[in-house]
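Undergrad: What follows is work12.txt, compact mmCIF, C-alpha atoms.
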# COMPACT_ATOMS: atom_id res chain seq x y z
CA MET A 1 -8.30 9.41 31.26
CA PHE A 2 -7.33 13.12 31.08
CA LYS A 3 -6.25 12.97 34.71
CA TYR A 4 -3.75 10.16 33.97
CA LEU A 5 -2.52 12.01 30.88
CA PHE A 6 -1.89 15.11 33.03
CA TYR A 7 0.05 13.04 35.56
CA LEU A 8 2.17 11.49 32.79
CA ILE A 9 3.01 14.90 31.29
CA PHE A 10 3.90 16.23 34.75
CA LEU A 11 6.12 13.21 35.46
CA CYS A 12 7.94 13.59 32.14
CA ALA A 13 8.54 17.32 32.71
CA TRP A 14 9.81 16.64 36.24
CA LEU A 15 12.22 13.94 35.07
CA LEU A 16 13.50 16.13 32.27
CA ALA A 17 14.24 18.91 34.75
CA PHE A 18 16.29 16.71 37.10
CA PRO A 19 18.78 14.46 35.22
CA VAL A 20 20.10 12.69 38.34
CA ILE A 21 16.59 11.80 39.49
CA ARG A 22 15.77 10.74 35.92
CA ARG A 23 18.68 8.25 35.80
CA THR A 24 17.77 6.85 39.21
CA PHE A 25 14.13 6.54 38.23
CA LEU A 26 14.93 4.78 34.94
CA THR A 27 17.20 2.32 36.74
CA PHE A 28 14.47 1.62 39.30
CA ILE A 29 11.82 1.14 36.60
CA SER A 30 14.14 -1.17 34.66
CA LEU A 31 14.71 -3.36 37.72
CA GLN A 32 11.03 -3.41 38.63
CA LEU A 33 9.89 -4.21 35.10
CA GLY A 34 12.52 -6.95 34.93
CA SER A 35 11.08 -8.49 38.10
CA VAL A 36 7.53 -8.26 36.81
CA SER A 37 8.53 -9.89 33.54
CA ILE A 38 9.70 -12.99 35.33
CA LEU A 39 6.35 -13.38 37.00
CA PHE A 40 3.80 -12.20 34.46
CA LEU A 41 4.99 -11.03 31.06
CA GLU A 42 7.38 -12.01 28.30
CA SER A 43 10.78 -10.41 28.74
CA SER A 44 10.73 -9.08 25.17
CA PHE A 45 7.53 -7.17 25.89
CA ILE A 46 9.02 -5.68 29.06
CA ARG A 47 12.18 -4.65 27.20
CA ARG A 48 10.18 -2.96 24.45
CA LEU A 49 8.07 -1.13 27.03
CA TYR A 50 11.11 0.05 28.93
CA HIS A 51 13.01 1.12 25.79
CA LYS A 52 10.03 3.18 24.61
CA PHE A 53 9.93 4.93 27.98
CA GLU A 54 13.71 5.35 27.96
CA ASN A 55 13.64 7.00 24.52
CA LEU A 56 11.50 9.80 25.92
CA PHE A 57 14.46 11.05 27.96
CA ARG A 58 17.57 9.88 26.16
CA ALA A 59 19.58 12.60 24.43
CA PRO A 60 20.05 12.23 20.64
CA ILE A 61 23.09 10.21 19.61
CA LYS A 62 25.88 12.42 18.27
CA LEU A 63 28.49 11.02 15.91
CA GLN A 64 32.04 12.21 15.55
CA ALA A 65 33.07 13.79 12.26
CA ASP A 66 34.58 11.33 9.78
CA ASN A 67 38.04 12.87 10.16
CA GLU A 68 37.86 12.13 13.89
CA ARG A 69 37.08 8.44 13.40
CA GLY A 70 39.74 5.85 12.64
CA LYS A 71 39.57 3.64 9.55
CA ILE A 72 38.20 0.19 10.30
CA LYS A 73 40.28 -2.87 9.47
CA LEU A 74 37.96 -5.56 8.13
CA PRO A 75 38.53 -9.08 9.52
CA HIS A 76 40.70 -11.13 7.15
CA GLU A 77 38.65 -14.28 7.72
CA GLY A 78 35.56 -12.60 6.24
CA TYR A 79 36.40 -13.96 2.79
CA THR A 80 36.28 -17.53 4.17
CA ILE A 81 32.90 -17.27 5.95
CA SER A 82 30.53 -19.85 4.47
CA VAL A 83 27.20 -19.17 2.77
CA GLU A 84 25.34 -20.77 5.67
CA THR A 85 27.18 -18.84 8.40
CA ALA A 86 26.75 -15.53 6.56
CA LEU A 87 23.01 -16.22 6.28
CA ASN A 88 22.83 -17.10 9.96
CA SER A 89 24.82 -14.00 11.02
CA ARG A 90 22.97 -11.41 8.92
CA CYS A 91 21.71 -8.45 10.96
CA ASN A 92 21.10 -4.72 10.61
CA SER A 93 22.80 -2.16 12.84
CA ASP A 94 22.28 1.13 14.66
CA TYR A 95 24.16 3.40 17.07
CA ASP A 96 22.33 2.69 20.35
CA GLN A 97 24.99 0.14 21.43
CA ASN A 98 22.30 -2.26 22.66
CA PRO A 99 21.65 -5.32 20.46
CA LYS A 100 18.40 -6.10 22.28
CA LYS A 101 16.85 -2.65 21.91
CA PHE A 102 16.27 -2.11 18.19
CA HIS A 103 18.68 -3.61 15.65
CA TRP A 104 20.91 -6.45 16.76
CA GLY A 105 24.05 -5.06 15.11
CA MET A 106 25.94 -2.15 16.71
CA PHE A 107 27.74 0.44 14.62
CA ASP A 108 31.20 1.35 15.92
CA LYS A 109 30.98 5.11 16.48
CA THR A 110 34.77 5.46 16.67
CA LYS A 111 35.56 3.82 13.31
CA ARG A 112 34.61 4.41 9.67
CA LEU A 113 34.74 2.69 6.29
CA SER A 114 36.89 4.17 3.55
CA ASP A 115 35.51 4.91 0.09
CA GLU A 116 37.81 2.18 -1.27
CA GLN A 117 36.31 -0.40 1.10
CA ILE A 118 32.78 0.62 0.11
CA LYS A 119 33.62 0.42 -3.61
CA LYS A 120 35.03 -3.07 -3.07
CA MET A 121 31.89 -4.21 -1.26
CA ILE A 122 29.71 -2.97 -4.13
CA GLU A 123 31.92 -4.85 -6.59
CA LEU A 124 31.52 -8.03 -4.53
CA ALA A 125 27.71 -7.63 -4.44
CA LYS A 126 27.19 -8.52 -8.12
CA ILE A 127 24.14 -10.69 -8.86
CA PRO A 128 23.14 -12.93 -11.79
CA ARG A 129 20.60 -11.04 -13.89
CA PHE A 130 17.27 -12.14 -15.35
CA THR A 131 16.64 -8.94 -17.34
CA ASN A 132 18.78 -6.53 -19.36
CA GLN A 133 17.26 -3.33 -17.94
CA LYS A 134 19.18 -1.07 -15.58
CA ALA A 135 19.37 -2.23 -11.98
CA GLU A 136 22.41 -0.73 -10.29
CA ILE A 137 23.90 0.46 -7.02
CA GLN A 138 24.85 4.12 -6.89
CA PHE A 139 26.68 5.54 -3.91
CA GLU A 140 27.77 8.78 -2.33
CA HIS A 141 30.20 8.23 0.51
CA ASN A 142 28.59 5.47 2.64
CA ILE A 143 24.99 5.87 1.40
CA LEU A 144 24.02 3.37 -1.31
CA SER A 145 21.03 4.00 -3.58
CA PHE A 146 19.40 1.10 -5.45
CA VAL A 147 18.19 2.37 -8.82
CA VAL A 148 16.24 0.69 -11.62
CA ASP A 149 14.75 1.79 -14.93
CA ASN A 150 11.50 3.68 -14.52
CA LEU A 151 9.41 1.38 -16.71
CA GLY A 152 5.90 1.87 -15.35
CA SER A 153 3.78 -0.85 -13.75
CA ASP A 154 4.10 -3.82 -16.14
CA ILE A 155 5.69 -7.20 -15.50
CA ARG A 156 9.16 -5.90 -16.40
CA LYS A 157 8.97 -3.35 -13.57
CA ASN A 158 8.04 -6.11 -11.13
CA TRP A 159 10.99 -8.20 -12.28
CA LEU A 160 13.32 -5.23 -11.82
CA MET A 161 11.98 -4.71 -8.29
CA ILE A 162 12.85 -8.35 -7.53
CA GLU A 163 16.35 -7.89 -8.96
CA SER A 164 16.77 -4.76 -6.84
CA GLY A 165 15.87 -6.90 -3.83
CA MET A 166 18.56 -9.37 -4.87
CA GLN A 167 21.09 -6.51 -4.97
CA GLN A 168 20.01 -5.29 -1.53
CA GLN A 169 20.45 -8.79 -0.11
CA ALA A 170 23.81 -9.23 -1.83
CA VAL A 171 25.07 -6.10 -0.06
CA GLY A 172 23.62 -7.32 3.24
CA LEU A 173 25.33 -10.71 2.95
CA ILE A 174 28.67 -9.17 1.95
CA CYS A 175 28.30 -7.03 5.08
CA ALA A 176 27.58 -10.15 7.16
CA ALA A 177 30.64 -11.95 5.78
CA LEU A 178 33.05 -9.02 6.13
CA GLY A 179 31.84 -7.76 9.51
CA VAL A 180 30.33 -4.48 8.28
CA GLY A 181 27.18 -2.82 9.63
CA MET A 182 24.26 -1.70 7.46
CA VAL A 183 20.83 -0.19 7.91
CA PHE A 184 17.98 0.50 5.48
CA LYS A 185 16.84 4.06 4.80
CA SER A 186 13.29 3.80 3.46
CA LEU A 187 12.09 5.64 0.38
CA GLY A 188 8.55 4.39 0.94
CA GLU A 189 6.84 1.02 0.66
CA ASP A 190 7.14 1.20 -3.14
CA GLY A 191 10.30 3.29 -3.48
CA THR A 192 10.17 6.57 -5.38
CA THR A 193 10.67 8.08 -8.83
CA ILE A 194 13.88 10.14 -8.99
CA SER A 195 13.78 11.11 -12.70
CA ASP A 196 11.91 10.40 -15.92
CA THR A 197 14.12 7.37 -16.47
CA GLU A 198 15.13 6.24 -12.96
CA TYR A 199 13.34 4.76 -9.99
CA ALA A 200 14.96 4.30 -6.56
CA THR A 201 13.78 1.39 -4.44
CA ILE A 202 15.67 2.01 -1.19
CA LYS A 203 18.87 3.40 0.33
CA ILE A 204 21.31 1.55 2.58
CA LYS A 205 23.84 3.10 4.94
CA LEU A 206 27.10 1.24 5.57
CA ASP A 207 29.37 1.82 8.55
CA ALA A 208 31.91 0.10 10.77
CA MET A 209 30.37 -2.46 13.15
CA LYS A 210 31.24 -4.01 16.47
CA PRO A 211 31.30 -7.83 16.81
CA THR A 212 27.84 -8.72 18.09
CA TYR A 213 27.83 -12.47 18.69
CA ASP A 214 29.80 -12.95 21.93
CA GLY A 215 32.74 -10.98 20.59
CA SER A 216 32.48 -12.37 17.04
CA PHE A 217 30.95 -11.06 13.82
CA TRP A 218 29.53 -14.52 13.05
CA THR A 219 27.57 -17.32 14.65
CA SER A 220 26.51 -20.84 13.72
CA SER A 221 24.10 -21.15 16.67
CA ALA A 222 20.36 -21.69 16.49
CA PRO A 223 17.97 -19.24 18.24
CA THR A 224 18.08 -19.51 22.05
CA GLY A 225 16.82 -17.36 24.94
CA SER A 226 13.18 -16.96 25.94
CA LYS A 227 12.00 -18.38 22.57
CA PRO A 228 14.45 -21.23 21.84
CA TRP A 229 14.52 -23.29 18.68
CA LEU A 230 11.59 -25.69 18.26
CA ARG A 231 12.51 -28.73 16.19
CA GLY A 232 10.08 -29.06 13.28
CA ASN A 233 9.25 -31.79 10.78
CA LEU A 234 12.29 -30.86 8.65
CA LYS A 235 15.82 -31.78 9.66
CA ASP A 236 17.52 -28.91 11.48
CA PRO A 237 19.43 -26.76 8.97
CA ALA A 238 23.21 -26.61 8.75
CA ARG A 239 24.52 -23.21 9.86
CA LYS A 240 28.08 -23.95 8.78
CA GLY A 241 29.29 -24.87 5.32
CA LYS A 242 32.35 -25.41 3.14
CA ASN A 243 31.82 -22.80 0.43
CA PRO A 244 32.64 -19.14 1.21
CA LEU A 245 29.87 -16.62 0.62
CA VAL A 246 32.13 -14.21 -1.31
CA SER A 247 33.43 -16.70 -3.88
CA THR A 248 30.02 -18.41 -4.24
CA LEU A 249 28.36 -15.09 -5.04
CA GLU A 250 31.10 -14.31 -7.55
CA ARG A 251 30.35 -17.41 -9.65
CA LEU A 252 26.57 -17.47 -9.13
CA LYS A 253 24.25 -18.30 -12.06
CA THR A 254 20.50 -18.52 -12.54
CA GLU A 255 20.71 -22.24 -13.34
CA ASN A 256 22.97 -25.25 -12.95
CA ARG A 257 22.32 -28.37 -15.02
CA THR A 258 25.44 -30.33 -14.03
CA GLY A 259 25.04 -30.63 -10.27
CA LYS A 260 23.48 -33.24 -7.99
CA GLU A 261 19.84 -34.12 -7.56
CA SER A 262 18.23 -32.74 -4.43
CA THR A 263 17.15 -34.78 -1.40
CA ASP A 264 14.71 -34.12 1.42
CA GLU A 265 17.62 -32.80 3.47
CA THR A 266 18.90 -30.38 0.82
CA VAL A 267 15.39 -29.15 0.02
CA GLY A 268 14.96 -28.38 3.72
CA GLN A 269 18.28 -26.52 3.70
CA LEU A 270 17.11 -24.45 0.73
CA LEU A 271 13.88 -23.51 2.54
CA TRP A 272 15.85 -22.38 5.59
CA ALA A 273 18.18 -20.33 3.39
CA ALA A 274 15.18 -18.64 1.80
CA ARG A 275 13.36 -17.66 4.99
CA GLY A 276 14.79 -19.51 7.97
CA ARG A 277 15.13 -18.29 11.55
CA THR A 278 18.42 -16.95 12.93
CA PRO A 279 19.50 -16.12 16.50
CA HIS A 280 19.47 -12.29 16.41
CA LEU A 281 16.66 -10.15 17.81
CA TYR A 282 14.71 -7.28 16.23
CA LYS A 283 13.15 -4.72 18.57
CA SER A 284 13.68 -7.18 21.46
CA ARG A 285 11.70 -9.85 19.59
CA PRO A 286 13.19 -13.12 18.27
CA TRP A 287 12.30 -12.13 14.69
CA GLY A 288 15.75 -12.82 13.23
CA MET A 289 15.71 -14.39 9.75
CA THR A 290 18.07 -15.05 6.87
CA ILE A 291 16.41 -12.06 5.16
CA PRO A 292 15.66 -8.52 6.36
CA THR A 293 12.04 -7.53 6.94
CA ALA A 294 10.27 -4.23 6.33
CA GLY A 295 9.71 -2.86 9.82
CA GLY A 296 9.73 -6.39 11.24
CA ARG A 297 6.71 -7.51 9.18
CA GLN A 298 6.57 -11.28 9.04
CA ASN A 299 3.98 -12.06 6.36
CA ILE A 300 4.39 -9.89 3.28
CA SER A 301 5.62 -12.90 1.27
CA SER A 302 5.45 -16.69 1.53
CA VAL A 303 7.53 -19.71 0.53
CA TYR A 304 5.82 -22.80 -0.93
CA LEU A 305 7.03 -26.27 -1.88
CA ILE A 306 5.47 -28.56 -4.49
CA SER A 307 6.58 -32.18 -4.22
CA ASP A 308 4.96 -35.62 -4.51
CA ASN A 309 1.56 -34.23 -5.58
CA GLN A 310 1.39 -32.06 -2.47
CA LEU A 311 1.45 -28.29 -1.98
CA TYR A 312 3.23 -27.22 1.23
CA ARG A 313 3.86 -23.86 2.88
CA TYR A 314 7.11 -23.30 4.73
CA LEU A 315 6.75 -22.39 8.43
CA ASN A 316 9.52 -20.71 10.43
CA TRP A 317 7.37 -19.88 13.48
CA GLN A 318 5.15 -22.32 15.36
CA LYS A 319 3.81 -22.50 18.92
CA ASN A 320 5.25 -19.03 19.49
CA ARG A 321 8.79 -20.22 18.78
CA PRO A 322 11.19 -20.28 15.81
CA THR A 323 11.07 -23.55 13.90
CA HIS A 324 11.70 -25.28 10.56
CA SER A 325 8.62 -27.08 9.20
CA LEU A 326 6.35 -27.78 6.28
CA LEU A 327 2.56 -27.42 6.47
CA VAL A 328 0.45 -29.37 3.97
CA VAL A 329 -1.83 -26.91 2.15
CA ARG A 330 -3.58 -29.35 -0.18
CA LYS A 331 -3.18 -32.41 -2.36
CA ILE A 332 -2.73 -31.50 -6.01
CA GLU A 333 -5.21 -33.04 -8.43
CA ILE A 334 -3.70 -35.53 -10.89
CA GLU A 335 -4.53 -33.46 -13.96
CA LEU A 336 -3.07 -30.28 -12.47
CA HIS A 337 0.09 -32.08 -11.47
CA LYS A 338 0.41 -33.60 -14.94
CA GLU A 339 -0.03 -30.15 -16.50
CA LEU A 340 2.64 -28.73 -14.20
CA LEU A 341 5.17 -31.39 -15.22
CA GLU A 342 4.38 -30.86 -18.91
CA THR A 343 4.76 -27.09 -18.58
CA PHE A 344 8.04 -27.37 -16.69
CA PRO A 345 9.62 -30.68 -17.81
CA PHE A 346 12.97 -29.72 -16.31
CA SER A 347 11.74 -30.31 -12.77
CA ASN A 348 9.81 -32.63 -10.48
CA CYS A 349 10.12 -30.46 -7.35
CA PHE A 350 9.38 -26.73 -7.07
CA ILE A 351 10.01 -23.97 -4.54
CA VAL A 352 7.68 -21.06 -5.32
CA LEU A 353 7.82 -17.58 -3.79
CA GLY A 354 4.60 -15.61 -3.55
CA LYS A 355 3.77 -12.09 -2.36
CA ASN A 356 0.97 -11.35 0.09
CA GLU A 357 0.55 -7.62 -0.59
CA GLY A 358 0.73 -5.23 -3.53
CA PHE A 359 3.62 -3.02 -2.42
CA GLY A 360 7.11 -3.08 -3.91
CA ARG A 361 8.62 -4.12 -0.56
CA ALA A 362 7.05 -7.58 -1.03
CA LEU A 363 8.86 -7.94 -4.35
CA TRP A 364 12.15 -6.86 -2.74
CA GLU A 365 11.59 -9.53 -0.09
CA VAL A 366 11.06 -12.10 -2.84
CA GLY A 367 14.40 -10.93 -4.24
CA TYR A 368 16.09 -11.50 -0.87
CA GLN A 369 14.78 -15.06 -0.75
CA LEU A 370 15.62 -15.70 -4.40
CA LEU A 371 19.26 -14.74 -3.95
CA ASN A 372 19.51 -16.92 -0.84
CA LEU A 373 18.08 -19.90 -2.74
CA LEU A 374 20.59 -19.43 -5.56
CA LEU A 375 23.51 -19.14 -3.14
CA GLN A 376 22.50 -22.20 -1.12
CA ALA A 377 21.84 -24.33 -4.23
CA GLN A 378 25.20 -23.30 -5.68
CA ALA A 379 26.98 -24.05 -2.40
CA LEU A 380 25.36 -27.52 -2.33
CA ASP A 381 26.12 -28.06 -6.06
CA LEU A 382 22.50 -28.91 -6.88
CA VAL A 383 20.78 -29.10 -10.24
CA TYR A 384 18.47 -26.09 -10.31
CA LYS A 385 16.84 -23.49 -12.53
CA ALA A 386 15.37 -20.16 -11.41
CA ILE A 387 12.57 -18.37 -13.30
CA LEU A 388 10.79 -15.07 -12.77
CA LEU A 389 7.24 -16.00 -13.75
CA ASP A 390 5.30 -14.40 -16.59
CA GLU A 391 1.52 -14.15 -16.44
CA ASN A 392 0.86 -17.52 -18.10
CA GLN A 393 3.28 -19.31 -15.78
CA LYS A 394 1.73 -17.59 -12.76
CA GLU A 395 -1.68 -18.91 -13.77
CA THR A 396 -0.40 -22.49 -13.64
CA PHE A 397 0.68 -22.08 -10.01
CA ARG A 398 -2.50 -20.16 -9.07
CA PHE A 399 -4.59 -23.15 -10.14
CA ILE A 400 -2.51 -25.31 -7.81
CA GLY A 401 -3.32 -23.04 -4.86
CA ILE A 402 -0.63 -20.32 -4.60
CA PRO A 403 -2.50 -16.97 -4.50
CA ASP A 404 0.11 -14.62 -6.02
CA PRO A 405 3.21 -16.49 -7.27
CA VAL A 406 6.09 -14.44 -8.70
CA PHE A 407 9.11 -16.76 -8.78
CA ALA A 408 9.78 -20.50 -9.16
CA PHE A 409 12.89 -22.49 -8.30
CA PHE A 410 13.01 -25.80 -10.15
CA LEU A 411 14.78 -28.86 -8.72
CA ARG A 412 15.38 -32.46 -9.69
CA HIS A 413 14.56 -34.50 -6.59
CA LYS A 414 16.04 -37.99 -6.58
CA ASN A 415 13.19 -39.48 -4.52
CA VAL A 416 10.30 -38.01 -6.51
CA ASP A 417 9.03 -39.84 -9.58
CA GLN A 418 8.69 -37.49 -12.58
CA GLY A 419 5.39 -39.06 -13.45
CA SER A 420 4.05 -39.72 -9.94
CA HIS A 421 0.34 -39.28 -9.35
Go ahead and express the file in the form of structure tokens.

TA:
Amino acid sequence: MFKYLFYLIFLCAWLLAFPVIRRTFLTFISLQLGSVSILFLESSFIRRLYHKFENLFRAPIKLQADNERGKIKLPHEGYTISVETALNSRCNSDYDQNPKKFHWGMFDKTKRLSDEQIKKMIELAKIPRFTNQKAEIQFEHNILSFVVDNLGSDIRKNWLMIESGMQQQAVGLICAALGVGMVFKSLGEDGTTISDTEYATIKIKLDAMKPTYDGSFWTSSAPTGSKPWLRGNLKDPARKGKNPLVSTLERLKTENRTGKESTDETVGQLLWAARGRTPHLYKSRPWGMTIPTAGGRQNISSVYLISDNQLYRYLNWQKNRPTHSLLVVRKIEIELHKELLETFPFSNCFIVLGKNEGFGRALWEVGYQLLNLLLQAQALDLVYKAILLDENQKETFRFIGIPDPVFAFFLRHKNVDQGSH
């Protein structure tokens, strides 16, 4: 083992000393690994392996000073991009200029956002609130800080963490609609205390972005490539719509009692909006979703559906491919179902979001999904009501089989009998 380690160190030192040889060697390795991938390994694995090796020798990326970069002109059609297309086009960015290496989005190193453009984006990223505590976006130049009241560890703090997640997602979707790049700057898996009264969850950097989807900022395509879309037991989601993201977010509310009843098709569309697969890559993997993920983690929260006396879990990955399906978890006992309908008489169909770990990042992820559900329901003009669950309400859903529920989205489904057993 030590012998191979010595050889590796010697090879790295040799390549560092001779740049021309290094470039030739990297090109050769890239071609050889590409050939091997066709025969033996997944191409995403080969790309990740090569990019890790490449990073050992690549010089750090240097950015021009702001006064040397031109002001970006945001695409005028951004205000008309639909909720569905913005969800499908959401992606983070970096400066490596390679969408398949790390983040799919590519910052434009020659352009910059003005302070006025950033202020406008923050104004557009308003969310409907569930609490009256502080949850705000502070910014210095192009770095946004998401700050909430420092309230300790009770249920109110958890609710504020979810609302902070909604704000993060609102910024991300405004970026997706307007063709702006963003990237998260972690403050830890729980965020961090910044004063006696303030708690920061995360920071986000905004910058100009290059069009990433075949020369466009947006796409309505399903995932393709080495892991193409696998049709599931739900109807394929719509990735285009009629209602612009920007105006829908502007009028968004936590409930709508005057819309239409949901159908199997619209419930499926809501599930995709919450956590569906999209065509962009993350670290060469087809991990793209309508929400961002903490370091690419896929299972820190879950989406459940309760309908027709059944508890389902939403699946967006099956047979090693992106998909759109429901998995039956269990049949709900008659008495439990009756109790559920009596506790929440507004609804006969429920989408419930649960967290699978104890860190704040799981609550932020719930917030991402919650905002997406609200936007999609509003765009479809559905009857709905959204509730952040208190401890008694959580207990009702735990008995049904959801381990750690934190949020419920109530629907009136036209094909589900309110009193069905």

Undergrad: Ranking A:Leu341, A:Leu373, A:Leu411, A:Ala208 by minimum distance to Ser262 (chain A) and counting only C-alpha atoms, which one comes first?

TA: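 Going through A:Leu341, A:Leu373, A:Leu411, A:Ala208 one by one, the smallest distance to Ser262 (chain A) is for A:Leu411.
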
Undergrad: Rank A:Ala274, A:Ile306, A:Leu230, A:Ala238 by their smallest atom-to-atom distance to Val328 (chain A), using only C-alpha atoms, and report the top residue only.

TA: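 Closest residue, counting only C-alpha atoms: A:Ile306.
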
Undergrad: Using only C-alpha atoms, I'd like a table of the residues in region 194-268 of chain A that come within 10 Å of region 382-388 of chain A; for each, show the closest atom pair and its distance in Å rounded to one decimal, ordered by chain and ascending number, as a Markdown table.

TA:
| residue | atom | partner | partner_atom | distance |
| --- | --- | --- | --- | --- |
| A:Lys253 | CA | A:Lys385 | CA | 9.1 |
| A:Thr254 | CA | A:Ala386 | CA | 5.5 |
| A:Glu255 | CA | A:Lys385 | CA | 4.1 |
| A:Asn256 | CA | A:Val383 | CA | 5.2 |
| A:Arg257 | CA | A:Val383 | CA | 5.1 |
| A:Thr258 | CA | A:Val383 | CA | 6.1 |
| A:Gly259 | CA | A:Val383 | CA | 4.5 |
| A:Lys260 | CA | A:Leu382 | CA | 4.6 |
| A:Glu261 | CA | A:Val383 | CA | 5.8 |
| A:Ser262 | CA | A:Leu382 | CA | 6.2 |
| A:Thr263 | CA | A:Leu382 | CA | 9.6 |
| A:Thr266 | CA | A:Leu382 | CA | 8.6 |
| A:Val267 | CA | A:Leu382 | CA | 9.9 |

Undergrad: Near Arg112 (chain A), within 9 Å and counting all atoms listed in the file, which residues show up once chain neighbours fewer than 3 positions away are dropped, as a CSV table (one decimal) with C-alpha atoms, in the frame of the given file?

TA:
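What ended up in part.csv:
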chain,number,residue,atom,x,y,z
A,66,ASP,CA,34.6,11.3,9.8
A,69,ARG,CA,37.1,8.4,13.4
A,70,GLY,CA,39.7,5.8,12.6
A,71,LYS,CA,39.6,3.6,9.6
A,72,ILE,CA,38.2,0.2,10.3
A,108,ASP,CA,31.2,1.4,15.9
A,109,LYS,CA,31.0,5.1,16.5
A,207,ASP,CA,29.4,1.8,8.6
A,208,ALA,CA,31.9,0.1,10.8
A,209,MET,CA,30.4,-2.5,13.2

Undergrad: What does the structure give for the distance between CA of Phe184 (chain A) and CA of Pro403 (chain A), in Å to one decimal?

TA: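 Value for the CA of Phe184 (chain A)-CA of Pro403 (chain A) distance: 28.7 Å.
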
Undergrad: So, with all atoms listed in the file as the atoms that count, which of A:Leu340, A:Leu270, A:Leu151, A:Ile118 lies closest to Lys134 (chain A)?

TA: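 Between A:Leu340, A:Leu270, A:Leu151, A:Ile118, the residue approaching Lys134 (chain A) most closely is A:Leu151.
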
Undergrad: Could you give me, as a PyMOL selection string, the residues within 12 Å of Arg239 (chain A), counting all atoms listed in the file and dropping anything in the same chain fewer than 2 positions from it?

TA: chain A and resi 81-90+218-223+236-237+241-243+269-270+272-273+276-279+290+376

Undergrad: Of the candidates A:Leu173, A:Ile122, A:Leu144, A:Leu113, which one gets nearest to Pro292 (chain A) if we count all atoms listed in the file?

TA: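 Closest candidate: A:Leu173.
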
Undergrad: Kindly compute an axis-aligned box around the listed atoms of region 373-387 of chain A, allowing 4 Å on each side, and express its centre and edge lengths in Å to one decimal as JSON.

TA:
{"center_x": 19.8, "center_y": -23.7, "center_z": -7.2, "size_x": 22.4, "size_y": 18.7, "size_z": 20.2}

Undergrad: Tell me, in Å to one decimal, how far CA of Tyr312 (chain A) is from CA of Glu335 (chain A).

TA: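 Interatomic distance, CA of Tyr312 (chain A) to CA of Glu335 (chain A): 18.2 Å.
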
Undergrad: Excluding Asn299 (chain A) and any residue of its chain fewer than 3 positions from it, enumerate the residues within 10 Å of it, using only C-alpha atoms, and give them as number ranges by chain.

TA: A: 293, 296, 302, 355-357, 362

Undergrad: Put those residues in a file: C-alpha atoms, as a CSV table (one decimal), keeping the file's coordinate frame.

TA:
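File produced: selection.csv:
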chain,number,residue,atom,x,y,z
A,293,THR,CA,12.0,-7.5,6.9
A,296,GLY,CA,9.7,-6.4,11.2
A,302,SER,CA,5.4,-16.7,1.5
A,355,LYS,CA,3.8,-12.1,-2.4
A,356,ASN,CA,1.0,-11.4,0.1
A,357,GLU,CA,0.6,-7.6,-0.6
A,362,ALA,CA,7.0,-7.6,-1.0

Undergrad: Between A:Asp214, A:Glu250, A:Asp96, A:Glu265, single out the one closest to Ala170 (chain A), counting all atoms listed in the file.

TA: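 With all atoms listed in the file as the atom set, the closest residue is A:Glu250.
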
Undergrad: If you measure from CA of Gly181 (chain A) to CA of Ser301 (chain A), what distance in Å do you get, rounded to one decimal?

TA: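 Pair CA of Gly181 (chain A) / CA of Ser301 (chain A) returns 25.2 Å.
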
Undergrad: Could you tell me which of A:His76, A:Arg313, A:Lys111, A:Arg156 comes closest to Phe130 (chain A) if we count only C-alpha atoms?

TA: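 Answer, going by the shortest atom-to-atom distance: A:Arg156.
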
Undergrad: Step by step: start from the point (15.6, 8.7, -17.7) in the file's coordinates, keep every protein, DNA or RNA residue that has an atom no farther than 10 Å from it, count all atoms listed in the file, and write the set as a PyMOL selection string.

TA: chain A and resi 149-151+194-199

Undergrad: Put those residues in a file: C-alpha atoms, as an mmCIF file, in the coordinates of the input.

TA:
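Printed below is again_1.cif as written:
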data_model
loop_
_atom_site.group_PDB
_atom_site.id
_atom_site.type_symbol
_atom_site.label_atom_id
_atom_site.label_comp_id
_atom_site.auth_asym_id
_atom_site.auth_seq_id
_atom_site.Cartn_x
_atom_site.Cartn_y
_atom_site.Cartn_z
ATOM 1 C CA ASP A 149 14.750 1.790 -14.930
ATOM 2 C CA ASN A 150 11.500 3.680 -14.520
ATOM 3 C CA LEU A 151 9.410 1.380 -16.710
ATOM 4 C CA ILE A 194 13.880 10.140 -8.990
ATOM 5 C CA SER A 195 13.780 11.110 -12.700
ATOM 6 C CA ASP A 196 11.910 10.400 -15.920
ATOM 7 C CA THR A 197 14.120 7.370 -16.470
ATOM 8 C CA GLU A 198 15.130 6.240 -12.960
ATOM 9 C CA TYR A 199 13.340 4.760 -9.990
#
